[in-house]
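Dumped target-v6.txt below, it's compact mmCIF, C-alpha atoms:
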# COMPACT_ATOMS: atom_id res chain seq x y z
CA MET A 1 -19.10 -14.77 -3.94
CA GLU A 2 -18.53 -11.09 -4.50
CA LEU A 3 -15.53 -9.49 -2.80
CA THR A 4 -15.94 -6.90 -0.09
CA PRO A 5 -14.61 -3.53 -1.30
CA SER A 6 -11.70 -1.78 0.38
CA GLN A 7 -12.12 1.47 2.31
CA THR A 8 -9.62 3.89 3.84
CA VAL A 9 -8.36 3.36 7.40
CA GLY A 10 -9.20 7.04 7.92
CA PRO A 11 -7.28 9.33 10.27
CA PHE A 12 -8.33 7.76 13.57
CA PHE A 13 -6.93 4.23 13.66
CA ALA A 14 -3.76 4.52 15.75
CA HIS A 15 -5.48 3.73 19.07
CA ALA A 16 -6.87 0.54 17.52
CA LEU A 17 -4.12 -0.79 15.27
CA THR A 18 -0.99 0.11 17.25
CA TRP A 19 0.47 -2.82 19.14
CA PRO A 20 3.23 -2.31 21.71
CA ASP A 21 5.26 -5.05 20.00
CA GLY A 22 4.07 -4.13 16.49
CA PRO A 23 7.45 -2.98 15.16
CA PHE A 24 9.20 -6.14 16.36
CA VAL A 25 9.41 -8.58 13.48
CA VAL A 26 12.04 -10.36 15.58
CA PRO A 27 12.60 -10.20 19.35
CA GLU A 28 14.20 -7.06 20.72
CA ASP A 29 17.32 -9.00 21.77
CA GLU A 30 17.90 -10.58 18.35
CA PRO A 31 21.67 -10.19 17.81
CA ASP A 32 21.35 -9.76 14.04
CA GLY A 33 18.45 -7.32 14.38
CA PHE A 34 18.49 -3.88 12.75
CA TRP A 35 16.06 -1.00 12.25
CA LEU A 36 14.40 -0.55 8.90
CA ARG A 37 13.20 3.04 8.94
CA GLY A 38 11.63 5.49 6.59
CA VAL A 39 9.39 8.48 6.02
CA VAL A 40 6.14 8.49 4.06
CA TYR A 41 5.69 11.53 1.75
CA ASP A 42 2.69 12.75 -0.23
CA GLY A 43 2.62 14.28 -3.70
CA ALA A 44 3.46 17.76 -2.37
CA GLY A 45 6.53 16.40 -0.59
CA GLU A 46 4.84 16.79 2.80
CA VAL A 47 5.23 14.04 5.36
CA VAL A 48 2.25 11.75 5.99
CA PRO A 49 1.72 11.66 9.77
CA ASP A 50 -1.28 9.33 9.73
CA ALA A 51 -0.13 6.29 7.78
CA LEU A 52 0.25 2.69 8.90
CA VAL A 53 3.10 0.60 7.48
CA GLU A 54 3.01 -3.20 7.61
CA THR A 55 5.81 -5.55 6.55
CA TRP A 56 5.89 -9.28 5.82
CA GLN A 57 8.99 -11.35 5.19
CA ALA A 58 10.76 -14.70 5.36
CA SER A 59 13.20 -15.68 8.08
CA PRO A 60 16.98 -15.59 7.42
CA ASP A 61 16.79 -19.15 6.08
CA GLY A 62 14.03 -18.16 3.67
CA ARG A 63 11.06 -19.73 5.45
CA PHE A 64 7.74 -18.22 6.42
CA ASP A 65 6.00 -18.44 9.76
CA HIS A 66 3.00 -19.95 7.97
CA PRO A 67 1.50 -23.43 7.38
CA ASP A 68 1.33 -22.86 3.60
CA ASP A 69 5.12 -22.77 3.27
CA PRO A 70 5.51 -26.25 1.73
CA ARG A 71 9.14 -26.50 2.72
CA GLY A 72 8.16 -26.46 6.39
CA ALA A 73 7.25 -23.37 8.32
CA VAL A 74 9.62 -21.51 10.56
CA SER A 75 9.43 -22.88 14.06
CA GLY A 76 7.93 -20.39 16.46
CA SER A 77 10.60 -21.02 19.06
CA GLY A 78 12.97 -18.27 17.96
CA GLY A 79 10.25 -15.65 18.30
CA PHE A 80 10.38 -14.91 14.58
CA ARG A 81 7.04 -13.41 13.56
CA GLY A 82 7.80 -12.12 10.09
CA PHE A 83 5.20 -9.39 10.47
CA GLY A 84 5.83 -5.78 11.42
CA ARG A 85 3.35 -2.97 11.97
CA ALA A 86 4.19 0.65 12.68
CA PRO A 87 2.12 3.83 12.42
CA THR A 88 3.93 6.96 11.24
CA ASP A 89 4.64 9.68 13.79
CA ALA A 90 4.09 13.44 13.46
CA ALA A 91 7.19 13.61 11.22
CA GLY A 92 5.93 10.82 8.94
CA ARG A 93 8.48 8.34 10.31
CA TRP A 94 7.97 4.61 10.73
CA ALA A 95 10.39 1.87 11.83
CA VAL A 96 10.44 -1.90 12.26
CA TRP A 97 13.10 -4.01 14.00
CA THR A 98 13.96 -6.96 11.79
CA VAL A 99 16.56 -9.20 10.18
CA ARG A 100 17.56 -9.71 6.57
CA PRO A 101 15.30 -12.39 5.06
CA GLY A 102 16.66 -15.34 3.10
CA ARG A 103 15.97 -15.98 -0.57
CA VAL A 104 12.61 -17.48 -1.50
CA PRO A 105 11.42 -18.89 -4.82
CA ALA A 106 9.57 -16.74 -7.34
CA ALA A 107 6.43 -17.85 -9.16
CA ASP A 108 8.59 -19.54 -11.81
CA GLY A 109 10.78 -21.35 -9.26
CA ARG A 110 13.81 -19.08 -9.69
CA LEU A 111 15.18 -17.68 -6.44
CA GLN A 112 14.32 -14.09 -5.60
CA ALA A 113 16.65 -11.66 -3.92
CA PRO A 114 15.99 -10.99 -0.20
CA HIS A 115 12.95 -8.74 0.11
CA LEU A 116 10.05 -7.68 2.31
CA ASP A 117 6.52 -7.01 1.14
CA LEU A 118 5.30 -3.68 2.51
CA SER A 119 1.78 -2.21 2.69
CA VAL A 120 0.88 1.41 3.36
CA PHE A 121 -2.55 2.36 4.69
CA ALA A 122 -3.57 5.99 5.30
CA ARG A 123 -6.29 8.56 5.31
CA GLY A 124 -6.74 9.36 1.62
CA LEU A 125 -5.73 5.86 0.52
CA LEU A 126 -8.97 4.08 -0.37
CA ASP A 127 -7.02 0.84 -0.71
CA ARG A 128 -3.60 -0.06 0.63
CA VAL A 129 -0.62 0.40 -1.65
CA VAL A 130 1.94 -2.40 -1.80
CA THR A 131 5.64 -2.18 -2.49
CA ARG A 132 8.76 -4.27 -1.84
CA VAL A 133 11.92 -3.50 0.07
CA TYR A 134 15.20 -4.88 -1.32
CA PHE A 135 18.65 -4.48 0.20
CA PRO A 136 21.67 -2.52 -1.10
CA ASN A 137 24.93 -4.28 -1.96
CA GLU A 138 23.07 -7.53 -2.47
CA ALA A 139 24.57 -9.52 -5.34
CA SER A 140 21.38 -11.47 -6.02
CA ASN A 141 19.44 -8.27 -6.84
CA VAL A 142 20.65 -8.53 -10.44
CA ASP A 143 18.95 -11.93 -10.83
CA ASP A 144 15.70 -11.00 -9.13
CA PRO A 145 12.78 -11.48 -11.54
CA VAL A 146 10.64 -8.79 -9.91
CA LEU A 147 13.37 -6.14 -9.94
CA ALA A 148 14.17 -7.10 -13.52
CA SER A 149 10.55 -6.40 -14.50
CA ILE A 150 10.81 -2.76 -13.35
CA PRO A 151 12.29 -0.07 -15.62
CA GLU A 152 15.80 0.70 -14.43
CA ARG A 153 15.08 4.37 -13.66
CA ALA A 154 12.37 3.40 -11.13
CA ARG A 155 14.05 0.29 -9.69
CA GLY A 156 16.00 2.30 -7.13
CA THR A 157 12.81 3.21 -5.26
CA LEU A 158 12.62 -0.45 -4.19
CA VAL A 159 16.11 -0.63 -2.70
CA ALA A 160 16.75 0.53 0.87
CA SER A 161 19.85 2.58 1.66
CA PRO A 162 22.36 1.85 4.45
CA ALA A 163 21.84 3.77 7.71
CA ALA A 164 23.70 3.96 11.00
CA ASP A 165 21.45 1.46 12.76
CA GLY A 166 20.17 -0.50 9.77
CA TYR A 167 18.49 0.60 6.56
CA ARG A 168 16.36 3.46 5.34
CA PHE A 169 13.39 3.09 3.00
CA ASP A 170 11.35 6.20 2.24
CA ILE A 171 7.99 5.91 0.54
CA ARG A 172 6.81 8.55 -1.92
CA LEU A 173 3.14 8.02 -2.60
CA GLN A 174 3.03 10.33 -5.60
CA GLY A 175 5.22 12.55 -7.75
CA ASP A 176 8.47 12.61 -9.68
CA ASN A 177 10.29 10.00 -7.63
CA GLU A 178 7.15 8.01 -6.87
CA THR A 179 7.80 4.63 -5.23
CA VAL A 180 7.09 1.63 -7.43
CA PHE A 181 3.86 0.03 -6.25
CA PHE A 182 2.54 -3.41 -7.11
CA SER A 183 -0.85 -4.84 -7.81
CA VAL A 184 -1.01 -8.13 -5.94
CA MET B 1 11.67 -25.20 -5.56
CA THR B 2 8.04 -24.64 -4.67
CA ASP B 3 5.64 -27.49 -4.20
CA PRO B 4 3.65 -27.89 -7.43
CA VAL B 5 0.35 -27.99 -5.53
CA LEU B 6 0.94 -24.51 -4.16
CA ARG B 7 -1.75 -22.17 -5.47
CA GLY B 8 -1.84 -18.42 -5.75
CA TYR B 9 -4.88 -16.22 -5.28
CA ARG B 10 -7.24 -14.84 -7.87
CA ARG B 11 -6.88 -11.17 -8.78
CA ASP B 12 -9.52 -8.68 -7.72
CA PRO B 13 -11.99 -8.30 -10.58
CA GLY B 14 -12.52 -4.75 -11.85
CA GLY B 15 -15.41 -2.95 -10.23
CA THR B 16 -14.56 -4.16 -6.72
CA HIS B 17 -12.44 -1.50 -5.06
CA PRO B 18 -12.57 2.30 -5.18
CA PRO B 19 -10.10 4.01 -7.52
CA LEU B 20 -7.23 5.38 -5.44
CA LEU B 21 -7.73 8.79 -7.04
CA SER B 22 -11.31 9.69 -6.16
CA PRO B 23 -11.27 13.52 -6.14
CA GLY B 24 -14.62 13.79 -4.32
CA TYR B 25 -12.64 12.55 -1.32
CA GLY B 26 -10.15 15.39 -1.12
CA SER B 27 -7.39 13.54 0.75
CA THR B 28 -6.87 11.20 -2.21
CA VAL B 29 -5.61 14.00 -4.47
CA LEU B 30 -2.08 14.22 -3.05
CA ARG B 31 -1.86 10.65 -1.81
CA ALA B 32 -2.99 8.45 -4.69
CA PRO B 33 -0.03 7.23 -6.77
CA HIS B 34 -0.04 8.59 -10.33
CA ARG B 35 1.57 5.60 -11.99
CA GLU B 36 -0.19 2.34 -12.67
CA PRO B 37 1.00 -0.41 -10.32
CA PHE B 38 3.16 -3.21 -11.69
CA VAL B 39 1.58 -6.64 -11.56
CA LEU B 40 3.38 -8.82 -9.02
CA ALA B 41 3.26 -12.56 -9.73
CA HIS B 42 2.40 -14.40 -6.52
CA SER B 43 5.35 -16.08 -4.85
CA LEU B 44 5.56 -17.58 -1.38
CA THR B 45 5.89 -14.09 0.08
CA GLU B 46 2.44 -13.18 -1.21
CA ILE B 47 0.58 -16.45 -0.57
CA THR B 48 1.69 -16.63 3.04
CA GLY B 49 0.87 -13.96 5.59
CA PRO B 50 0.85 -13.20 9.29
CA ALA B 51 -1.05 -15.80 11.27
CA LEU B 52 -1.88 -13.74 14.32
CA GLY B 53 -3.43 -15.99 16.87
CA GLU B 54 -4.70 -16.03 20.40
CA GLY B 55 -1.82 -14.00 21.78
CA ARG B 56 -3.35 -10.99 20.04
CA VAL B 57 -6.78 -11.27 21.61
CA LEU B 58 -8.14 -10.97 25.15
CA PRO B 59 -11.55 -12.38 26.11
CA THR B 60 -12.88 -8.86 26.73
CA ASP B 61 -11.82 -7.64 23.28
CA ALA B 62 -15.02 -8.77 21.54
CA ASP B 63 -17.37 -6.89 23.89
CA LEU B 64 -16.74 -3.18 23.55
CA THR B 65 -19.34 -2.43 26.22
CA LYS B 66 -17.38 -4.24 28.94
CA GLN B 67 -13.91 -2.79 28.62
CA HIS B 68 -14.28 -0.24 31.41
CA ASP B 69 -15.77 0.01 34.89
CA GLY B 70 -19.14 1.31 33.72
CA GLU B 71 -21.39 0.74 30.72
CA PRO B 72 -20.97 3.14 27.82
CA LEU B 73 -23.95 5.22 26.73
CA GLY B 74 -25.66 4.49 23.45
CA GLU B 75 -27.64 1.91 21.53
CA ARG B 76 -26.14 -1.51 22.27
CA ILE B 77 -25.83 -3.68 19.15
CA ILE B 78 -24.49 -7.06 18.12
CA VAL B 79 -22.38 -7.13 14.96
CA HIS B 80 -21.70 -10.58 13.61
CA GLY B 81 -20.99 -12.39 10.40
CA ARG B 82 -18.58 -14.66 8.61
CA VAL B 83 -15.25 -14.16 6.94
CA LEU B 84 -15.32 -16.11 3.68
CA ASP B 85 -13.28 -16.36 0.53
CA SER B 86 -14.79 -15.76 -2.88
CA ASP B 87 -15.41 -19.50 -3.28
CA GLY B 88 -17.60 -19.36 -0.18
CA ARG B 89 -15.07 -21.15 1.99
CA ALA B 90 -14.83 -20.06 5.61
CA VAL B 91 -11.64 -18.31 6.69
CA PRO B 92 -11.12 -19.78 10.18
CA ASP B 93 -8.87 -18.60 13.02
CA THR B 94 -8.17 -15.23 11.44
CA LEU B 95 -7.82 -11.97 13.32
CA VAL B 96 -10.65 -9.45 12.93
CA GLU B 97 -9.95 -5.94 14.22
CA LEU B 98 -12.67 -3.33 14.55
CA TRP B 99 -12.72 0.33 15.57
CA GLN B 100 -15.38 3.01 15.61
CA ALA B 101 -16.67 6.31 16.97
CA ASN B 102 -18.75 6.34 20.15
CA SER B 103 -22.49 6.91 20.08
CA ALA B 104 -21.94 10.67 19.95
CA GLY B 105 -19.79 10.31 16.83
CA ARG B 106 -16.41 10.85 18.45
CA TYR B 107 -13.33 8.64 18.33
CA SER B 108 -11.23 8.01 21.40
CA HIS B 109 -8.23 9.32 19.43
CA GLU B 110 -6.20 12.39 20.35
CA ARG B 111 -6.56 13.96 16.91
CA ASP B 112 -10.37 13.77 16.88
CA GLN B 113 -11.32 17.21 18.25
CA HIS B 114 -14.91 17.24 17.00
CA PRO B 115 -17.04 18.90 19.73
CA ALA B 116 -18.96 15.84 20.84
CA PRO B 117 -18.45 14.13 24.20
CA LEU B 118 -15.97 11.37 24.82
CA ASP B 119 -17.34 8.45 26.81
CA PRO B 120 -14.96 7.30 29.56
CA ASN B 121 -16.49 3.85 29.27
CA PHE B 122 -15.99 3.41 25.55
CA THR B 123 -12.72 3.09 23.66
CA GLY B 124 -14.32 1.74 20.50
CA VAL B 125 -11.68 -0.89 19.74
CA GLY B 126 -12.41 -4.62 19.38
CA ARG B 127 -10.63 -7.78 18.26
CA CYS B 128 -11.51 -11.42 17.88
CA LEU B 129 -10.52 -14.54 15.99
CA THR B 130 -12.98 -16.21 13.65
CA ASP B 131 -14.07 -19.68 14.70
CA SER B 132 -13.73 -22.86 12.62
CA LEU B 133 -16.67 -21.75 10.45
CA GLY B 134 -15.24 -18.28 9.89
CA ARG B 135 -17.72 -16.66 12.27
CA TYR B 136 -17.10 -13.59 14.39
CA ARG B 137 -19.31 -11.69 16.84
CA PHE B 138 -18.91 -8.34 18.61
CA VAL B 139 -21.07 -6.52 21.13
CA THR B 140 -20.73 -2.78 20.70
CA LEU B 141 -22.68 0.48 20.37
CA LYS B 142 -24.15 1.95 17.23
CA PRO B 143 -21.61 4.61 16.22
CA GLY B 144 -22.81 8.18 15.73
CA ALA B 145 -22.51 10.08 12.48
CA TYR B 146 -19.90 12.83 12.60
CA PRO B 147 -18.95 15.89 10.57
CA TRP B 148 -15.71 16.22 8.62
CA ARG B 149 -14.24 18.95 6.52
CA ASN B 150 -14.16 17.30 3.12
CA HIS B 151 -16.85 19.55 1.61
CA GLU B 152 -19.54 21.98 2.75
CA ASN B 153 -21.55 20.45 5.62
CA ALA B 154 -19.98 17.02 5.12
CA TRP B 155 -20.96 14.13 7.41
CA ARG B 156 -19.71 10.56 7.37
CA ALA B 157 -22.39 7.92 7.16
CA GLN B 158 -22.44 5.81 10.33
CA HIS B 159 -19.75 3.16 10.00
CA ILE B 160 -17.52 0.67 11.77
CA HIS B 161 -13.96 0.10 10.52
CA PHE B 162 -12.83 -3.49 9.97
CA SER B 163 -9.31 -4.87 9.44
CA LEU B 164 -8.85 -8.42 8.14
CA PHE B 165 -5.77 -10.53 7.51
CA GLY B 166 -7.16 -13.71 5.99
CA ARG B 167 -4.58 -16.40 5.37
CA ALA B 168 -2.30 -14.66 2.89
CA PHE B 169 -0.65 -11.29 2.37
CA VAL B 170 -2.77 -10.84 -0.75
CA GLN B 171 -6.00 -11.28 1.26
CA ARG B 172 -5.32 -8.33 3.59
CA LEU B 173 -8.33 -6.01 3.64
CA VAL B 174 -9.34 -2.86 5.50
CA THR B 175 -12.94 -1.83 4.96
CA GLN B 176 -15.90 -0.11 6.60
CA MET B 177 -19.27 -1.55 7.53
CA TYR B 178 -22.33 0.66 7.09
CA PHE B 179 -25.91 0.44 8.34
CA PRO B 180 -28.97 -0.13 6.17
CA GLY B 181 -30.99 2.90 5.10
CA ASP B 182 -28.50 5.56 6.19
CA PRO B 183 -29.71 8.94 4.83
CA LEU B 184 -26.09 10.16 4.58
CA PHE B 185 -24.95 7.68 1.92
CA TYR B 186 -25.66 9.99 -1.01
CA GLN B 187 -23.22 12.68 0.17
CA ASP B 188 -20.43 10.46 1.56
CA PRO B 189 -17.58 10.37 -0.98
CA ILE B 190 -15.74 7.56 0.80
CA PHE B 191 -18.75 5.25 0.51
CA ASN B 192 -19.47 6.46 -3.02
CA ALA B 193 -15.87 6.01 -4.22
CA VAL B 194 -16.68 2.30 -4.47
CA PRO B 195 -18.19 1.33 -7.84
CA GLU B 196 -21.96 1.59 -7.52
CA ALA B 197 -22.69 -2.10 -8.09
CA ALA B 198 -20.39 -3.08 -5.20
CA ARG B 199 -21.50 -0.55 -2.58
CA HIS B 200 -24.24 -2.74 -1.14
CA ARG B 201 -21.59 -5.27 -0.07
CA MET B 202 -20.44 -2.80 2.60
CA ILE B 203 -23.93 -2.40 4.11
CA SER B 204 -24.79 -4.72 6.97
CA ALA B 205 -28.21 -6.38 7.18
CA PHE B 206 -30.52 -5.95 10.13
CA ASP B 207 -30.73 -9.45 11.62
CA LEU B 208 -33.72 -10.06 13.88
CA SER B 209 -32.68 -13.68 14.45
CA ALA B 210 -29.45 -12.63 16.16
CA THR B 211 -31.14 -9.98 18.26
CA VAL B 212 -31.23 -10.61 22.01
CA PRO B 213 -34.75 -9.74 23.20
CA GLU B 214 -34.94 -6.85 25.64
CA TRP B 215 -31.20 -6.32 25.32
CA ALA B 216 -29.69 -5.58 21.86
CA LEU B 217 -30.49 -5.39 18.15
CA ALA B 218 -28.20 -7.18 15.70
CA TYR B 219 -26.60 -6.55 12.34
CA GLU B 220 -25.00 -9.14 10.08
CA PHE B 221 -21.95 -8.33 7.98
CA ASP B 222 -20.21 -11.02 5.95
CA ILE B 223 -16.77 -10.15 4.64
CA VAL B 224 -15.50 -11.80 1.46
CA LEU B 225 -11.77 -12.03 0.76
CA ARG B 226 -10.08 -13.26 -2.41
CA GLY B 227 -10.20 -16.97 -3.20
CA ARG B 228 -7.48 -19.29 -4.42
CA ASP B 229 -6.50 -19.57 -8.01
CA GLN B 230 -7.29 -22.86 -9.72
CA THR B 231 -3.87 -23.11 -11.31
CA PRO B 232 -0.65 -23.72 -9.39
CA VAL B 233 1.80 -20.90 -8.84
CA GLU B 234 4.54 -22.85 -10.54
CA SER B 235 3.85 -23.66 -14.18
Take the structure in the file and write it out as C-alpha cells.
Amino acid sequence: MELTPSQTVGPFFAHALTWPDGPFVVPEDEPDGFWLRGVVYDGAGEVVPDALVETWQASPDGRFDHPDDPRGAVSGSGGFRGFGRAPTDAAGRWAVWTVRPGRVPAADGRLQAPHLDLSVFARGLLDRVVTRVYFPNEASNVDDPVLASIPERARGTLVASPAADGYRFDIRLQGDNETVFFSV
Amino acid sequence: MTDPVLRGYRRDPGGTHPPLLSPGYGSTVLRAPHREPFVLAHSLTEITGPALGEGRVLPTDADLTKQHDGEPLGERIIVHGRVLDSDGRAVPDTLVELWQANSAGRYSHERDQHPAPLDPNFTGVGRCLTDSLGRYRFVTLKPGAYPWRNHENAWRAQHIHFSLFGRAFVQRLVTQMYFPGDPLFYQDPIFNAVPEAARHRMISAFDLSATVPEWALAYEFDIVLRGRDQTPVES
C-alpha cells in the first residue's frame, strides 16, 4: 500500500499536543533525573517559538518500554516511559526531565554509546527532522558506529553540553553550524 | 546482541513526502536544513517507540462535539478509517491525535488571531486508540477554510491535522486530511508540496455507508505507515 505523505504540524498545535506530563520521560521524583534543555534556531539565527520536540530512549539498563525489545521490555513499575514531548516557548526553549540511557546494540550488534533519538516538528517543517543526542565525557562515544559515520567537524552538534541542572542540546535547523539530521 | 528475527522498517520510497525546502510555502525557507540527512541504520532505538495506551485517552476524546456543555455550531461529520502499514497490516492499539479549526476556520489557540469567531463549545482536539483491526472513529465538525499570510489572498484548503505513532519511532507521522473536491487545493502550497502522484492519499473519501441518517455525513481516511523490512536488522 502507498504511504501517507507527511505534512507540517503548522503553528497551532500546542493546545492539542501538549501534555501536562509530556516532558517527564521519568517520574518527577526520580533521584537520577536531570533536565535536558535546548533552544531551536532557524537559519537566520532566530529562535523557533512554535516547534515541538519529542525524545525516545532506553532505560538506564539499556531496555525499551516496548514489546519489540527482544531482551525483555522495561517493566512499567518504575514509571519509566522513555518518551518525552515538549513544545518550545516564546524564547524557543524546550526541556525534558530524563535519565541517562544505557547502551543498546547497533544494527550490526556492536554496542552504541548512550543516546536519545529526537524529532523536531514545526511550522515550516513539512516533515519532522530527526537527530540524536549523545552525552559529553562519555568514553563509549569513540566506539559508537553512528557517531563514527559523521564527519568529525559536524559530530559535535550531536553531543550535549553539561549544564547546571543537566545537559544542554541546542538544535540549529539550518546554517553554518547546522545540526546533523538523520534519515530514518 | 539483538535477536536475529528482529526486523527493521522499509525506507520511505521517493515521491512520498514533500521536500523540506518547498519555497512556495514561505516558512520552509529558513527552517529546512540545507545539508542532506545522514542515513541512520535501524537499531533497537528506531524499531521501538512510545506505546501510549489508555492512560492517554478519555472516553470523550473521540467526540469533539461533546467536550463542552453545549453543542458546537457547524456541520457535524464522522471521520473514520484504518491505520495500516504498507503491507496492509492493521496497526492496532496505537494513539491517533487530531486537531482542527472550528467551523468558522479558527483554532482554539492563543496565537490564532484571525477575525472569525471562537466557539466556546469547540476546542477542536481529539484522541483515540485504534482497535484490534486498526480502526479509528471521530465525531467532529467540518473545519472552515481560513486565510493565512503566505502569499496574496492565501487560504488553506479545509483540513484536519493527524498525529500518528505507529509501533516504532520510524513510523511516526504527522499529516493533514483534506476533503474531496476542495476548490482551494490549487493554491495551497502545503498540500501541493507533496509530489503530485501522492497528493490524493491525503484526501478523504465521502463515505455514505458510514453516514448516520438525519444526523451526520461521514468521511473515510485510511493512514498508511511504513511496513517492516523483509531482512533482519542484524546481518
Residues near range 126-141 of chain A, cut-off 7 Å, only C-alpha atoms, skip fewer than 2 positions along chain, as a ChimeraX atom specification: /A:6-8,113-121,124,143-144,158-161,180-182 /B:18,20
Keeping only C-alpha atoms, write the selected residues as an mmCIF file, keeping the file's coordinate frame.
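Listed below is the output, part.cif:
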data_model
loop_
_atom_site.group_PDB
_atom_site.id
_atom_site.type_symbol
_atom_site.label_atom_id
_atom_site.label_comp_id
_atom_site.auth_asym_id
_atom_site.auth_seq_id
_atom_site.Cartn_x
_atom_site.Cartn_y
_atom_site.Cartn_z
ATOM 1 C CA SER A 6 -11.700 -1.780 0.380
ATOM 2 C CA GLN A 7 -12.120 1.470 2.310
ATOM 3 C CA THR A 8 -9.620 3.890 3.840
ATOM 4 C CA ALA A 113 16.650 -11.660 -3.920
ATOM 5 C CA PRO A 114 15.990 -10.990 -0.200
ATOM 6 C CA HIS A 115 12.950 -8.740 0.110
ATOM 7 C CA LEU A 116 10.050 -7.680 2.310
ATOM 8 C CA ASP A 117 6.520 -7.010 1.140
ATOM 9 C CA LEU A 118 5.300 -3.680 2.510
ATOM 10 C CA SER A 119 1.780 -2.210 2.690
ATOM 11 C CA VAL A 120 0.880 1.410 3.360
ATOM 12 C CA PHE A 121 -2.550 2.360 4.690
ATOM 13 C CA GLY A 124 -6.740 9.360 1.620
ATOM 14 C CA ASP A 143 18.950 -11.930 -10.830
ATOM 15 C CA ASP A 144 15.700 -11.000 -9.130
ATOM 16 C CA LEU A 158 12.620 -0.450 -4.190
ATOM 17 C CA VAL A 159 16.110 -0.630 -2.700
ATOM 18 C CA ALA A 160 16.750 0.530 0.870
ATOM 19 C CA SER A 161 19.850 2.580 1.660
ATOM 20 C CA VAL A 180 7.090 1.630 -7.430
ATOM 21 C CA PHE A 181 3.860 0.030 -6.250
ATOM 22 C CA PHE A 182 2.540 -3.410 -7.110
ATOM 23 C CA PRO B 18 -12.570 2.300 -5.180
ATOM 24 C CA LEU B 20 -7.230 5.380 -5.440
#
Interatomic distance (Å, one decimal) between CA of Gly166 in chain A and CA of Thr98 in chain A: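 One can read the CA of Gly166 in chain A to CA of Thr98 in chain A distance as 9.2 Å.
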Point (-1.1, 3.4, 22.6) neighbourhood (12 Å, only C-alpha atoms) written as a ChimeraX atom specification: /A:13-22,86-87 /B:108-110,123,125
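The space between CA of Arg71 in chain A and CA of Tyr9 in chain B spans 19.1 Å.
Taking all atoms listed in the file into account, chain B lies nearest to A:Leu173 out of the set A:Leu173, A:Gly102, A:Glu152, A:Val142.
Among the candidate residues B:Ile160, B:Ala41, B:Ile77, B:Leu217, the one lying nearest to chain A is B:Ala41, with distances computed using all atoms listed in the file.
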Incomplete range 31-42 of chain A filled out to N, CA and C atoms as a PDB file, in the frame of the given file:
ATOM      1  N   PRO A  31      20.343 -10.772  18.042  1.00  0.00           N
ATOM      2  CA  PRO A  31      21.670 -10.190  17.810  1.00  0.00           C
ATOM      3  C   PRO A  31      21.889  -9.663  16.393  1.00  0.00           C
ATOM      4  N   ASP A  32      21.196 -10.242  15.409  1.00  0.00           N
ATOM      5  CA  ASP A  32      21.350  -9.760  14.040  1.00  0.00           C
ATOM      6  C   ASP A  32      20.301  -8.702  13.669  1.00  0.00           C
ATOM      7  N   GLY A  33      19.528  -8.270  14.667  1.00  0.00           N
ATOM      8  CA  GLY A  33      18.450  -7.320  14.380  1.00  0.00           C
ATOM      9  C   GLY A  33      18.971  -5.956  13.945  1.00  0.00           C
ATOM     10  N   PHE A  34      18.185  -5.268  13.134  1.00  0.00           N
ATOM     11  CA  PHE A  34      18.490  -3.880  12.750  1.00  0.00           C
ATOM     12  C   PHE A  34      17.164  -3.144  12.558  1.00  0.00           C
ATOM     13  N   TRP A  35      17.255  -1.816  12.509  1.00  0.00           N
ATOM     14  CA  TRP A  35      16.060  -1.000  12.250  1.00  0.00           C
ATOM     15  C   TRP A  35      15.934  -0.734  10.754  1.00  0.00           C
ATOM     16  N   LEU A  36      14.751  -0.982  10.253  1.00  0.00           N
ATOM     17  CA  LEU A  36      14.400  -0.550   8.900  1.00  0.00           C
ATOM     18  C   LEU A  36      13.459   0.634   9.104  1.00  0.00           C
ATOM     19  N   ARG A  37      13.932   1.801   8.651  1.00  0.00           N
ATOM     20  CA  ARG A  37      13.200   3.040   8.940  1.00  0.00           C
ATOM     21  C   ARG A  37      12.902   3.803   7.662  1.00  0.00           C
ATOM     22  N   GLY A  38      11.888   4.629   7.730  1.00  0.00           N
ATOM     23  CA  GLY A  38      11.630   5.490   6.590  1.00  0.00           C
ATOM     24  C   GLY A  38      10.618   6.565   6.914  1.00  0.00           C
ATOM     25  N   VAL A  39      10.376   7.405   5.922  1.00  0.00           N
ATOM     26  CA  VAL A  39       9.390   8.480   6.020  1.00  0.00           C
ATOM     27  C   VAL A  39       8.428   8.309   4.861  1.00  0.00           C
ATOM     28  N   VAL A  40       7.148   8.545   5.115  1.00  0.00           N
ATOM     29  CA  VAL A  40       6.140   8.490   4.060  1.00  0.00           C
ATOM     30  C   VAL A  40       5.845   9.939   3.627  1.00  0.00           C
ATOM     31  N   TYR A  41       5.931  10.188   2.308  1.00  0.00           N
ATOM     32  CA  TYR A  41       5.690  11.530   1.750  1.00  0.00           C
ATOM     33  C   TYR A  41       4.487  11.498   0.811  1.00  0.00           C
ATOM     34  N   ASP A  42       3.771  12.633   0.749  1.00  0.00           N
ATOM     35  CA  ASP A  42       2.690  12.750  -0.230  1.00  0.00           C
ATOM     36  C   ASP A  42       3.184  13.450  -1.499  1.00  0.00           C
TER      37      ASP A  42
END
